[in-house]
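Colleague: Just one file: query23.cif, with mmCIF, C-alpha atoms.
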data_coords
loop_
_atom_site.label_atom_id
_atom_site.label_comp_id
_atom_site.auth_asym_id
_atom_site.auth_seq_id
_atom_site.Cartn_x
_atom_site.Cartn_y
_atom_site.Cartn_z
CA MET R 10 -10.40 4.68 154.12
CA PRO R 11 -6.92 3.42 153.16
CA ILE R 12 -4.63 6.02 151.60
CA SER R 13 -4.34 3.95 148.49
CA SER R 14 -8.01 4.69 147.81
CA LEU R 15 -7.46 8.43 147.58
CA SER R 16 -7.39 10.19 144.23
CA ALA R 17 -4.31 12.04 143.03
CA ALA R 18 -6.02 15.34 143.86
CA GLN R 19 -6.75 14.14 147.38
CA ILE R 20 -3.16 12.94 147.85
CA ALA R 21 -1.91 16.34 146.70
CA ALA R 22 -4.02 18.02 149.38
CA LEU R 23 -2.62 15.96 152.28
CA PRO R 24 -0.58 17.97 154.79
CA ALA R 25 3.09 17.11 155.43
CA THR R 26 2.26 15.64 158.84
CA ILE R 27 0.12 12.92 157.22
CA ILE R 28 2.86 12.03 154.73
CA GLN R 29 5.42 11.98 157.50
CA GLY R 30 3.35 9.48 159.45
CA LEU R 31 2.81 6.97 156.62
CA SER R 32 4.12 3.47 157.30
CA VAL R 33 6.25 1.49 154.87
CA THR R 34 3.17 -0.60 154.00
CA GLU R 35 1.12 2.50 153.29
CA ILE R 36 3.92 4.01 151.20
CA GLN R 37 4.19 0.85 149.17
CA SER R 38 0.43 0.76 148.56
CA LEU R 39 0.54 4.01 146.57
CA SER R 40 0.51 3.94 142.78
CA SER R 41 3.15 5.81 140.78
CA THR R 42 0.50 8.42 139.95
CA GLN R 43 -0.33 8.91 143.62
CA VAL R 44 3.39 9.20 144.50
CA GLY R 45 3.77 11.82 141.81
CA ALA R 46 0.89 13.78 143.35
CA ILE R 47 2.48 14.27 146.80
CA ASN R 48 3.05 17.98 147.30
CA THR R 49 6.58 19.33 147.80
CA SER R 50 5.99 19.93 151.55
CA GLY R 51 5.13 16.25 151.93
CA ILE R 52 8.17 15.18 149.89
CA ALA R 53 10.39 17.30 152.14
CA VAL R 54 9.44 15.28 155.27
CA ILE R 55 9.84 11.79 153.81
CA ASP R 56 12.57 9.96 155.72
CA ALA R 57 15.18 7.41 154.65
CA THR R 58 12.96 4.40 155.50
CA GLN R 59 10.04 5.74 153.50
CA LEU R 60 12.26 6.62 150.55
CA ALA R 61 13.84 3.17 150.56
CA ALA R 62 10.35 1.63 150.50
CA LEU R 63 9.53 3.15 147.11
CA SER R 64 9.62 0.58 144.33
CA PRO R 65 11.27 1.35 140.97
CA THR R 66 7.78 1.76 139.49
CA GLN R 67 6.85 4.30 142.15
CA VAL R 68 10.15 6.15 141.68
CA ARG R 69 9.32 6.56 138.00
CA GLY R 70 6.24 8.47 139.09
CA LEU R 71 8.25 11.18 140.89
CA THR R 72 8.35 14.51 139.07
CA ALA R 73 11.36 16.73 138.43
CA THR R 74 9.74 19.23 140.80
CA GLN R 75 9.52 16.74 143.66
CA ILE R 76 13.01 15.23 143.48
CA PRO R 77 14.96 18.37 144.52
CA GLN R 78 12.66 18.63 147.60
CA PHE R 79 13.85 15.40 149.20
CA GLN R 80 16.05 15.94 152.21
CA SER R 81 19.59 16.47 150.92
CA SER R 82 20.95 13.78 153.22
CA LEU R 83 18.76 11.12 151.56
CA VAL R 84 20.13 9.05 148.70
CA PHE R 85 18.15 6.90 146.31
CA GLY R 86 19.01 3.22 146.34
CA THR R 87 20.93 1.78 143.38
CA SER R 88 17.83 0.00 142.01
CA GLN R 89 15.91 3.27 142.25
CA LEU R 90 18.66 5.25 140.52
CA LEU R 91 18.61 2.88 137.60
CA VAL R 92 15.02 3.80 136.71
CA LEU R 93 15.35 7.58 136.97
CA SER R 94 14.79 9.26 133.62
CA ASN R 95 17.23 11.85 132.33
CA GLN R 96 14.80 14.60 133.30
CA GLN R 97 14.45 13.22 136.82
CA PHE R 98 18.19 12.77 137.21
CA ALA R 99 18.87 16.27 135.97
CA SER R 100 16.65 17.64 138.73
CA LEU R 101 18.92 16.34 141.51
CA THR R 102 20.62 19.16 143.38
CA SER R 103 24.37 19.52 143.88
CA THR R 104 23.94 18.67 147.55
CA GLN R 105 22.03 15.51 146.74
CA LEU R 106 24.68 14.42 144.25
CA ASP R 107 27.42 15.14 146.76
CA ASN R 108 26.00 12.37 148.96
CA PHE R 109 26.42 9.70 146.28
CA ASP R 110 29.11 7.17 147.14
CA VAL R 111 31.14 5.25 144.55
CA THR R 112 28.53 2.46 144.53
CA HIS R 113 25.78 4.89 143.59
CA ILE R 114 28.04 6.52 141.00
CA GLY R 115 28.88 3.13 139.56
CA VAL R 116 25.30 2.19 138.61
CA LEU R 117 24.55 5.36 136.68
CA THR R 118 24.31 5.24 132.90
CA GLY R 119 26.31 7.50 130.61
CA THR R 120 23.05 9.14 129.57
CA GLN R 121 22.17 9.95 133.17
CA ILE R 122 25.64 11.40 133.76
CA GLY R 123 25.20 13.54 130.70
CA ALA R 124 21.88 14.84 132.00
CA VAL R 125 23.38 16.40 135.15
CA ASN R 126 23.51 20.17 134.94
CA ALA R 127 26.97 21.70 134.75
CA THR R 128 26.90 23.24 138.23
CA SER R 129 25.85 19.99 139.90
CA PHE R 130 28.43 17.95 138.00
CA SER R 131 31.17 20.40 138.89
CA SER R 132 30.33 19.87 142.58
CA LEU R 133 31.31 16.18 142.47
CA ASN R 134 34.48 15.47 144.44
CA ALA R 135 37.62 13.74 143.19
CA THR R 136 36.58 10.35 144.57
CA GLN R 137 33.27 10.52 142.73
CA ILE R 138 34.95 11.65 139.52
CA HIS R 139 37.46 8.80 139.71
CA ALA R 140 34.59 6.34 140.11
CA LEU R 141 33.22 7.16 136.64
CA ASN R 142 33.82 4.38 134.13
CA THR R 143 34.63 4.83 130.45
CA THR R 144 30.98 4.65 129.34
CA GLN R 145 29.95 7.23 131.91
CA VAL R 146 32.80 9.56 130.98
CA GLN R 147 31.78 9.35 127.35
CA GLY R 148 28.29 10.41 128.37
CA LEU R 149 29.44 13.80 129.65
CA SER R 150 27.87 16.62 127.71
CA VAL R 151 29.64 19.56 126.14
CA THR R 152 27.82 21.84 128.60
CA GLU R 153 29.08 19.87 131.59
CA LEU R 154 32.66 19.91 130.33
CA ARG R 155 32.57 23.62 129.58
CA GLY R 156 31.46 24.27 133.13
CA LEU R 157 34.45 22.53 134.71
CA SER R 158 37.10 24.41 136.62
CA THR R 159 40.80 23.60 136.31
CA THR R 160 40.49 21.79 139.65
CA ASP R 161 37.63 19.69 138.28
CA VAL R 162 39.64 18.74 135.21
CA SER R 163 42.63 17.78 137.34
CA GLU R 164 40.40 15.26 139.15
CA PHE R 165 39.99 13.15 136.02
CA ALA R 166 42.44 10.27 135.69
CA ASP R 167 44.53 10.10 132.54
CA THR R 168 42.66 6.92 131.55
CA GLN R 169 39.39 8.83 131.75
CA ILE R 170 40.73 11.66 129.61
CA ALA R 171 41.82 9.01 127.12
CA ALA R 172 38.16 7.93 126.83
CA PHE R 173 36.98 11.42 125.81
CA SER R 174 35.63 11.80 122.30
CA ALA R 175 37.02 14.44 119.96
CA THR R 176 33.95 16.60 120.67
CA GLN R 177 34.50 16.32 124.42
CA ILE R 178 38.18 17.24 124.09
CA GLY R 179 37.16 20.28 122.07
CA ALA R 180 34.63 21.28 124.75
CA LEU R 181 37.33 21.96 127.35
CA ASN R 182 38.16 25.62 127.58
CA ALA R 183 41.67 26.70 126.61
CA THR R 184 42.83 27.06 130.21
CA ASN R 185 41.62 23.59 131.17
CA PHE R 186 43.14 22.02 128.08
CA SER R 187 46.51 23.59 128.80
CA THR R 188 46.49 22.19 132.35
CA LEU R 189 46.19 18.55 131.26
CA ASP R 190 49.25 16.69 132.48
CA ALA R 191 51.95 15.21 130.28
CA THR R 192 50.50 11.70 130.35
CA ALA R 193 47.03 12.88 129.38
CA ILE R 194 48.36 15.05 126.56
CA GLY R 195 50.69 12.31 125.38
CA ALA R 196 47.84 9.77 125.31
CA LEU R 197 45.60 11.76 122.96
CA ASN R 198 45.00 9.77 119.79
CA ALA R 199 44.63 11.10 116.26
CA THR R 200 40.82 11.29 116.53
CA GLN R 201 40.97 13.23 119.79
CA LEU R 202 43.61 15.56 118.42
CA GLY R 203 41.23 16.30 115.58
CA GLY R 204 38.82 17.73 118.15
CA VAL R 205 41.34 20.14 119.63
CA THR R 206 40.26 23.66 118.73
CA THR R 207 42.44 26.46 117.43
CA THR R 208 41.53 28.41 120.57
CA GLN R 209 42.86 25.60 122.75
CA LEU R 210 46.06 25.41 120.77
CA ALA R 211 46.50 29.19 120.77
CA GLY R 212 46.31 29.10 124.57
CA ILE R 213 48.61 26.14 125.07
CA THR R 214 51.88 26.80 126.86
CA GLY R 215 55.27 25.69 125.71
CA THR R 216 55.36 23.20 128.57
CA ALA R 217 52.08 21.57 127.59
CA LEU R 218 53.03 21.57 123.92
CA SER R 219 56.24 19.72 124.70
CA ASP R 220 54.11 16.85 126.03
CA LEU R 221 52.94 16.05 122.50
CA SER R 222 54.97 13.39 120.72
CA SER R 223 56.39 13.98 117.26
CA THR R 224 53.74 11.57 115.94
CA GLN R 225 50.97 13.61 117.56
CA VAL R 226 52.37 16.88 116.25
CA GLY R 227 52.39 15.30 112.81
CA LYS R 228 48.66 14.58 113.14
CA LEU R 229 47.66 18.21 113.75
CA ALA R 230 45.66 19.79 110.95
CA THR R 231 47.21 22.77 109.19
CA THR R 232 44.58 25.07 110.73
CA GLN R 233 45.47 23.76 114.19
CA LEU R 234 49.18 24.20 113.64
CA GLY R 235 48.57 27.68 112.30
CA ALA R 236 46.85 28.60 115.57
CA LEU R 237 49.99 28.07 117.61
CA THR R 238 51.67 31.24 118.77
CA THR R 239 55.25 32.00 117.79
CA THR R 240 56.22 31.38 121.41
CA SER R 241 54.62 27.94 121.34
CA LEU R 242 56.22 27.04 118.03
CA SER R 243 59.66 28.02 119.24
CA ALA R 244 59.11 25.72 122.24
CA LEU R 245 58.84 22.62 120.03
CA ASP R 246 61.91 20.43 120.30
CA THR R 247 63.77 19.15 117.25
CA THR R 248 62.09 15.74 117.50
CA GLN R 249 58.64 17.33 117.39
CA VAL R 250 59.62 19.57 114.50
CA SER R 251 60.89 16.52 112.64
CA GLY R 252 57.39 15.04 113.01
CA LEU R 253 55.80 17.83 110.97
CA THR R 254 54.80 16.93 107.44
CA PRO R 255 55.81 19.11 104.47
CA THR R 256 52.13 20.08 104.13
CA GLN R 257 52.01 21.24 107.75
CA LEU R 258 55.18 23.26 107.41
CA GLY R 259 53.98 24.73 104.14
CA ALA R 260 50.80 25.94 105.87
CA LEU R 261 52.64 27.99 108.49
CA ASN R 262 52.65 31.68 107.81
CA ALA R 263 56.01 33.35 107.32
CA THR R 264 55.91 34.90 110.80
CA ASN R 265 55.35 31.55 112.50
CA LEU R 266 57.99 29.79 110.45
CA SER R 267 60.51 32.53 111.15
CA ALA R 268 59.83 31.97 114.87
CA LEU R 269 61.56 28.60 114.61
CA THR R 270 65.02 28.75 116.09
CA ALA R 271 68.15 28.02 114.09
CA THR R 272 68.38 24.70 115.94
CA GLN R 273 64.83 23.78 114.93
CA VAL R 274 65.46 24.76 111.32
CA SER R 275 68.62 22.66 111.25
CA GLY R 276 66.51 19.70 112.39
CA LEU R 277 64.25 19.76 109.33
CA ASN R 278 64.80 16.95 106.86
CA ALA R 279 65.18 17.38 103.11
CA THR R 280 61.56 16.43 102.41
CA GLN R 281 60.27 19.01 104.88
CA VAL R 282 62.47 21.70 103.41
CA GLY R 283 61.15 20.85 99.96
CA GLY R 284 57.63 21.74 101.12
CA LEU R 285 58.46 25.31 102.18
CA THR R 286 57.02 28.13 100.09
CA ALA R 287 58.98 31.03 98.63
CA THR R 288 57.39 33.43 101.11
CA GLN R 289 58.34 31.24 104.03
CA LEU R 290 61.91 30.87 102.86
CA ARG R 291 62.37 34.59 102.39
CA GLY R 292 61.12 35.08 105.94
CA LEU R 293 63.87 32.97 107.48
CA SER R 294 66.73 34.81 109.13
CA THR R 295 70.30 34.81 107.90
CA THR R 296 71.13 32.74 110.98
CA ASP R 297 68.55 30.15 109.93
CA PHE R 298 70.08 29.94 106.46
CA GLY R 299 73.52 29.64 107.95
CA GLU R 300 72.39 26.52 109.84
CA ILE R 301 71.08 24.72 106.76
CA THR R 302 72.89 21.43 106.27
CA THR R 303 74.05 19.73 103.10
CA THR R 304 71.28 17.14 103.55
CA GLN R 305 68.67 19.88 103.77
CA ILE R 306 70.03 21.78 100.78
CA GLY R 307 69.48 18.62 98.79
CA GLY R 308 65.75 19.01 99.43
CA PHE R 309 65.56 22.46 97.84
CA THR R 310 64.04 22.62 94.39
CA ALA R 311 65.43 24.89 91.69
CA THR R 312 62.27 26.99 92.04
CA GLN R 313 62.81 27.42 95.77
CA LEU R 314 66.42 28.46 95.27
CA GLY R 315 65.35 30.90 92.60
CA SER R 316 62.91 32.51 95.03
CA LEU R 317 65.59 33.37 97.58
CA SER R 318 66.96 36.84 97.94
CA ALA R 319 70.66 37.44 97.35
CA THR R 320 70.99 37.90 101.11
CA ASN R 321 69.35 34.51 101.73
CA LEU R 322 71.66 32.83 99.25
CA SER R 323 74.69 34.63 100.62
CA SER R 324 73.84 33.37 104.12
CA LEU R 325 74.24 29.72 103.14
CA ASN R 326 77.48 28.28 104.42
CA ALA R 327 80.18 27.15 102.00
CA THR R 328 79.46 23.46 102.56
CA SER R 329 75.81 23.92 101.66
CA ILE R 330 76.67 26.00 98.58
CA GLN R 331 79.04 23.32 97.39
CA ALA R 332 76.31 20.67 97.81
CA LEU R 333 74.08 22.32 95.16
CA ASN R 334 73.61 20.17 92.07
CA ASN R 335 73.39 21.36 88.47
CA THR R 336 69.59 21.53 88.42
CA GLN R 337 69.55 23.61 91.59
CA LEU R 338 72.31 25.90 90.33
CA HIS R 339 70.40 26.60 87.16
CA GLY R 340 67.46 27.76 89.26
CA ILE R 341 69.45 30.67 90.67
CA ALA R 342 68.49 33.93 88.99
CA THR R 343 70.96 36.49 87.65
CA THR R 344 69.65 39.05 90.14
CA GLN R 345 70.64 36.70 92.95
CA LEU R 346 74.08 36.09 91.50
CA ALA R 347 74.60 39.83 91.07
CA GLY R 348 74.15 40.26 94.81
CA LEU R 349 76.78 37.72 95.76
CA SER R 350 80.07 38.95 97.13
CA THR R 351 83.49 37.83 95.99
CA THR R 352 83.61 35.56 99.04
CA ASP R 353 80.22 34.06 98.17
CA VAL R 354 81.29 33.31 94.58
CA GLY R 355 84.53 31.89 95.90
CA GLU R 356 82.52 29.26 97.79
CA PHE R 357 81.36 27.67 94.53
CA THR R 358 83.47 24.77 93.37
CA THR R 359 85.20 24.97 90.00
CA THR R 360 82.80 22.29 88.75
CA GLN R 361 79.82 24.42 89.78
CA ILE R 362 81.25 27.51 88.10
CA GLY R 363 81.71 25.47 84.97
CA THR R 364 78.06 24.41 84.98
CA LEU R 365 76.55 27.91 85.27
CA THR R 366 74.81 29.08 82.14
CA SER R 367 76.25 31.89 80.06
CA THR R 368 73.38 34.09 81.24
CA GLN R 369 74.22 33.36 84.87
CA ILE R 370 77.88 34.14 84.25
CA GLY R 371 76.74 37.48 82.91
CA GLY R 372 74.83 38.04 86.12
CA LEU R 373 77.92 37.96 88.33
CA SER R 374 79.18 41.29 89.54
CA THR R 375 82.26 42.75 87.88
CA THR R 376 84.03 42.54 91.23
CA ALA R 377 83.27 38.82 91.49
CA ILE R 378 84.55 38.26 87.92
CA LEU R 379 87.72 40.23 88.62
CA ASN R 380 88.46 38.18 91.71
CA LEU R 381 88.08 34.76 90.13
CA THR R 382 91.18 32.72 90.83
CA ALA R 383 93.23 31.21 88.03
CA THR R 384 91.65 27.86 88.81
CA GLU R 385 88.16 29.32 88.70
CA VAL R 386 88.84 31.11 85.44
CA GLY R 387 90.21 27.88 84.09
CA ALA R 388 86.91 26.19 84.96
CA LEU R 389 84.90 28.44 82.63
CA GLN R 390 83.60 26.73 79.52
CA ALA R 391 83.91 28.24 76.07
CA THR R 392 80.11 28.27 75.88
CA GLN R 393 79.97 30.48 78.99
CA ILE R 394 82.33 33.14 77.70
CA PRO R 395 79.74 34.77 75.40
CA GLY R 396 77.67 35.45 78.48
CA LEU R 397 80.20 37.96 79.84
CA THR R 398 78.84 41.48 79.55
CA ILE R 399 80.78 44.30 77.98
CA THR R 400 81.07 45.88 81.44
CA GLN R 401 82.54 42.66 82.82
CA ILE R 402 84.99 42.39 79.93
CA ASP R 403 86.01 46.04 80.29
CA ASN R 404 86.99 45.24 83.86
CA LEU R 405 88.91 42.02 83.13
CA THR R 406 92.58 42.30 83.96
CA THR R 407 95.24 40.97 81.66
CA THR R 408 95.90 38.38 84.34
CA ASN R 409 92.26 37.21 84.14
CA ILE R 410 92.56 36.84 80.39
CA GLY R 411 96.00 35.30 80.65
CA ASN R 412 94.59 32.55 82.86
CA MET R 413 92.38 31.36 80.01
CA ASN R 414 93.28 28.67 77.48
CA SER R 415 92.85 28.79 73.75
CA THR R 416 89.53 26.95 73.87
CA GLN R 417 88.11 29.53 76.25
CA ALA R 418 89.55 32.41 74.24
CA ALA R 419 87.81 31.04 71.17
CA GLY R 420 84.53 31.56 72.99
CA PHE R 421 84.77 35.37 72.92
CA THR R 422 82.48 36.98 70.37
CA SER R 423 83.74 39.62 67.99
CA THR R 424 81.76 42.25 69.86
CA GLN R 425 83.44 41.26 73.12
CA VAL R 426 86.90 41.33 71.54
CA GLN R 427 86.23 44.74 70.00
CA SER R 428 85.40 46.11 73.47
CA MET R 429 88.85 45.13 74.83
CA ASP R 430 91.60 47.71 75.25
CA ASN R 431 95.09 47.23 73.82
CA ALA R 432 96.52 45.50 76.90
CA GLN R 433 93.60 43.10 77.00
CA ILE R 434 93.92 42.40 73.25
CA THR R 435 97.58 41.56 73.78
CA ALA R 436 96.72 39.13 76.57
CA TYR R 437 93.92 37.68 74.47
CA LEU R 438 96.15 37.09 71.44
CA ALA R 439 98.74 35.45 73.67
CA VAL R 440 96.30 32.68 74.70
CA SER R 441 94.33 32.37 71.44
#
Show me this structure written as structure tokens.
Modeller:
Amino acid sequence: MPISSLSAAQIAALPATIIQGLSVTEIQSLSSTQVGAINTSGIAVIDATQLAALSPTQVRGLTATQIPQFQSSLVFGTSQLLVLSNQQFASLTSTQLDNFDVTHIGVLTGTQIGAVNATSFSSLNATQIHALNTTQVQGLSVTELRGLSTTDVSEFADTQIAAFSATQIGALNATNFSTLDATAIGALNATQLGGVTTTQLAGITGTALSDLSSTQVGKLATTQLGALTTTSLSALDTTQVSGLTPTQLGALNATNLSALTATQVSGLNATQVGGLTATQLRGLSTTDFGEITTTQIGGFTATQLGSLSATNLSSLNATSIQALNNTQLHGIATTQLAGLSTTDVGEFTTTQIGTLTSTQIGGLSTTAILNLTATEVGALQATQIPGLTITQIDNLTTTNIGNMNSTQAAGFTSTQVQSMDNAQITAYLAVS
């Protein structure tokens, strides 16, 4: 009786010695159902010639239980590989996969690649990994990618990494992501960057972060940027910092923003500065404020300036102070002005002093008022004079009053004049 006449149950009962002795003709006479009935002991003795004799139809009949039992040195032909289902392909052992050459790798579909279990995929060598085309790479599952070691990840070419989807990029663990080389990091597009997780970014080193271009940094979501450590943020160069949008900068917490170096802060443009919150600004160091340029100060709103502490304001250099316009000046609160030293007040131009409101003038410390130069006193407007407090007037010297002109003197209120002592009255009458 020919073997092809046996039922599936009878085929399953055949000993391994019978299977081992089957000719190519006999092998080819079996139906896919009969092939799928061969017991695992019989599968284990099939040789290369017998395996090669199986038609694609017969190969489809193999079960996921049988496939791992083939001798590890045997490799399916390319036409046979093409018909393996995902379930069949997933049943291949690491050893069996290790025997695939680049030709075998090349015929696999992305779906088949994605069906390989993580351990088996991780066992592929660098040559096999490099043989994967874009479609195959895009078929890799999240599970496979999560199971990769840093060595495995290093075996991918930069062009292959560039083919990863955002989900695949996000599947790499933080250590593997941080070991991507400069070219791979620099090639990530906006969509891929969107897949980068906060955990990956939190684990990224300053070296890896420096591989991102300013354009890429500008594409990071606020949640992603917020995940960077202070060490990572301080590693950004001025070009990268300049790529941040006002929204991104505004989303950084005060601790992270304060981690920026004075050099980084000085690299911010006026638009970026205009997006900083009051809390962020107050968190900057005096050194940071001292590095603010005239261009940057132009980006401050009156509200932002009004949110600064007196110490913050005092830390601005003279050039920056003198770059403040009228709108910005009017945003400075009296409590801030009261905290300015004589030197700080002396950094204002006479034009700026002349544009302060009467209320702001009243906010200056008595020491600052006393130390106004003749030119500065001369810059005061008659409308500002009523803003001087009684305490300030009580401390005016006759020289201060003598430096005023008749227009300014006319600005004193009767209450202010009545608070003057005799020497001050004399000086006042002399210029009235």
Colleague: When the PyMOL selection byres ((chain R and resi 71) around 10) is applied to the file above, which residues end up in the set, as a PyMOL selection string?
Modeller: chain R and resi 41-47+52+66-70+72-76+93-94+97
Colleague: With the PyMOL selection byres ((chain R and resi 141) around 12) as the selection, what would be picked from this file? Answer as a PyMOL selection string, please.
Modeller: chain R and resi 110-119+121-123+130+133-140+142-149+164-166+168-170+172
Colleague: Enumerate, as a list in words, the residues matched when the PyMOL selection byres ((chain R and resi 423-426) around 8) is run on the file above.
Modeller: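 Applying the expression gives Pro395, Thr398, Ile399, Ile402, Phe421, Thr422, Gln427, Ser428, Met429 and Ile434 of chain R.
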Colleague: Between CA of Thr288 (chain R) and CA of Thr328 (chain R), measure the distance and give it in Å to one decimal.
Modeller: 24.3 Å
Colleague: What does the structure give for the distance between CA of Leu389 (chain R) and CA of Thr320 (chain R), in Å to one decimal?
Modeller: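 Value for the CA of Leu389 (chain R)-CA of Thr320 (chain R) distance: 25.0 Å.
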Colleague: Do you know which residues are at most 9 Å from Asp190 (chain R) counting only C-alpha atoms, after dropping those on the same chain fewer than 2 positions away, and could you put them as a list in words?
Modeller: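 Answer for this query is Ser163, Asp167, Ser187, Thr188, Thr192, Ala193, Ile194, Gly195, Ala217 and Asp220 of chain R.
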Colleague: Is it possible to get the residues within 9 Å of (58.5, 31.4, 99.3) (coordinates as in the file, counting only C-alpha atoms) written as a PDB file with C-alpha atoms, keeping the file's coordinate frame?
Modeller:
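Okay, this is what ended up in part_33.pdb:
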ATOM      1  CA  ALA R 263      56.010  33.350 107.320  1.00  0.00           C
ATOM      2  CA  LEU R 285      58.460  25.310 102.180  1.00  0.00           C
ATOM      3  CA  THR R 286      57.020  28.130 100.090  1.00  0.00           C
ATOM      4  CA  ALA R 287      58.980  31.030  98.630  1.00  0.00           C
ATOM      5  CA  THR R 288      57.390  33.430 101.110  1.00  0.00           C
ATOM      6  CA  GLN R 289      58.340  31.240 104.030  1.00  0.00           C
ATOM      7  CA  LEU R 290      61.910  30.870 102.860  1.00  0.00           C
ATOM      8  CA  ARG R 291      62.370  34.590 102.390  1.00  0.00           C
ATOM      9  CA  GLY R 292      61.120  35.080 105.940  1.00  0.00           C
ATOM     10  CA  GLN R 313      62.810  27.420  95.770  1.00  0.00           C
ATOM     11  CA  SER R 316      62.910  32.510  95.030  1.00  0.00           C
ATOM     12  CA  LEU R 317      65.590  33.370  97.580  1.00  0.00           C
TER      13      LEU R 317
END
